[in-house]
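**Student:** Here it is: the structure, laid out below.
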Amino acid sequence: MHELALPLLVGLIILALAFDFLNGLHDAANSIATVVATRLLGPVQAVAFAAFFNFAAYFLMLAFPALHKVAETIGKGLIDKDLVTPAVVFGALVGAMFWNVVTWLKGIPSSSSHALVGGIVGAGVAHAGFTSIQWTGLNMTLIAIVLSPTLGMILSMIIMLVTSWLIGRATVSAAERSFRALHLVSSAAYSLGHGLNDAQKTMGIITVLLYSTGYLSGEFHVPHWVAISCYIAIGLGTLMGGWRIIETMGSRITKLSQHQGFSASTGGSVMLFAASALGIPVSTTHTITGSIIGAGVARRASAVRWGVAGNVLAAWFITIPASATVGAIFYLLTRLF
């Protein structure tokens with residue numbers, strides 16, 4: 001157990017909630033890109049819509065506690081929880097926040113999840129070496145980095161093709177009305193999945209901080225006040241929106257119809273709920289990116305702007321190493337000062 005004065009503990013918790021807020025701000029595009037791009041909702045309406053369902057994931061967690069395993073993976077599944085110190089938590093959060101701010105300013109849809117994973121691993125290794133890594137949890141997360149957008153793309157393509165076959169005899173206007181309603185429902189489901197998976201990452205960080213400093217008694221578990229604080233923070237962050245990233249996600253990768261928006265949101269939401277049930281912290285950014293590409297390819301491969309998709313892929317590869325490096329640097333700075 002590592003002793004930490006209460007004011008410093010409170011400061012670190014506030015820093016973690018600031019990361020959660022920034023996560024919502026940075027990842028607002030994930031939840032609403034398709035509804036904005038298709039003009040199903042106006043930008044302000046869409047942001048409020050996504051923020052509401054991000055927070056509503058809290059009630060889903062109360063109804064289905066089994067969906068709340070991601071916090072445990074972040075808190076004790078990447079770095080040995082008994083080796084985590086307040087300095088490791090500080091380095092992890094600053095590393096993740098630094099990368100989020102850089103990519104947000106550049107309008108690059110990078111992953112807050114990858115940034116946090118990188119920050120935790122970088123700071124943990126700087127503190128205790130590679131023996132601190134929980135390889136089972138880290139390998140599972142790294143595999144999901146590749147699988148979640150790939151499976152999201154395949155699933156969205158299948159949904160697009162199957163629903164195209166099912167509405168083959170419908171009139172264009174009737175199909176459009178149906179997909180507008182379905183798209184709204186699928187976007188709500190995606191926002192629920194986004195809030196559920198992403199808010200838990202900050203819960204895991206705060207919980208391991210409380211555990212390592214002796215402020216958490218009993219078994220490793222997420223206190224109720226931590227859960228609701230994180231859902232509020234990510235909801236408020238989403239409410240602020242990340243407009244430059246929304247433009248990239250919603251219109252620059254491919255031009256979406258209501259049918260494609262529904263297919264992408266549905267494919268992405270299935271992936272997020274499955275990942276949350278399995279306790280895997282996936283990238284909501286890259287999951288919806290893969291799903292949007294799948295919906296575009298189902299129409300024709302040339303409908304996708306592969307150059308923009310390639311830029312997203314480049315950010316995908318460098319996020320974990322970059323945030324791990326910054327996390328390690330800030331951990332080492334705490335040792336100096």
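Chain labels A, B, ... are given in the sequence in which chains occur in the structure tokens; within each chain residues are numbered consecutively from 1, and ligands are likewise numbered from 1 in the order shown.
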DSSP on the backbone: which residues in range 80-274 of chain A end up as alpha helix (DSSP H)? Give the answer as an MDAnalysis selection string.

**Tutor:** chainID A and resid 86:106 112:128 135:166 172:212 224:240 243:247 258:274

**Student:** Tell me, as an mmCIF file with C-alpha atoms, in the first residue's frame, which residues lie within 9 Å of Glu72 in chain A, counting only C-alpha atoms; anything in the same chain fewer than 3 positions away does not count.

**Tutor:**
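Just written: part.cif:
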data_model
loop_
_atom_site.group_PDB
_atom_site.id
_atom_site.type_symbol
_atom_site.label_atom_id
_atom_site.label_comp_id
_atom_site.auth_asym_id
_atom_site.auth_seq_id
_atom_site.Cartn_x
_atom_site.Cartn_y
_atom_site.Cartn_z
ATOM 1 C CA HIS A 68 -19.237 -4.061 -16.152
ATOM 2 C CA LYS A 69 -16.036 -6.099 -16.590
ATOM 3 C CA GLY A 75 -7.692 -1.597 -13.179
ATOM 4 C CA LYS A 76 -5.946 -4.923 -12.703
ATOM 5 C CA GLY A 77 -5.751 -6.712 -16.063
ATOM 6 C CA GLN A 200 -15.494 2.002 -17.389
ATOM 7 C CA LYS A 201 -11.903 2.704 -18.403
ATOM 8 C CA MET A 203 -13.551 3.720 -13.386
ATOM 9 C CA GLY A 204 -10.775 1.147 -13.522
ATOM 10 C CA THR A 207 -10.495 2.116 -8.516
ATOM 11 C CA VAL A 208 -6.887 0.891 -8.777
ATOM 12 C CA PHE A 220 -11.182 -5.035 -5.897
ATOM 13 C CA HIS A 221 -14.503 -3.495 -6.929
ATOM 14 C CA VAL A 222 -15.794 -0.253 -8.437
ATOM 15 C CA GLY A 279 -14.487 -7.242 -20.357
#

**Student:** Find, counting only C-alpha atoms, the residue in A:Pro281, A:Gly214, A:Gly237, A:Gly137 that gets nearest to Leu4 in chain A.

**Tutor:** A:Gly214

**Student:** Fewer than 4 positions away in the same chain doesn't count, so skip those; otherwise give me all residues within 12 Å of Ala277 in chain A, counting only C-alpha atoms, as a list of chain:residue names.

**Tutor:**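 After dropping sequence-adjacent residues, the list is A:Met61, A:Phe64, A:Pro65, A:Ala66, A:Leu67, A:His68, A:Lys69, A:Val70, A:Ala71, A:Glu72, A:Thr73, A:Gly193, A:Leu196, A:Asn197, A:Val270, A:Met271, A:Leu272, A:Phe273, A:Pro281, A:Val282.
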
**Student:** Can you write out as CSV which residues of range 109-195 of chain A fall within 8 Å of range 87-91 of chain A, alongside each residue's closest atom pair and its distance in Å to one decimal, counting only C-alpha atoms and ordering rows by chain and ascending residue number?

**Tutor:**
residue,atom,partner,partner_atom,distance
A:Gly119,CA,A:Gly91,CA,6.7
A:Ile120,CA,A:Val89,CA,7.1
A:Ala123,CA,A:Val88,CA,5.1
A:Gly124,CA,A:Val88,CA,5.8
A:His127,CA,A:Val88,CA,7.0
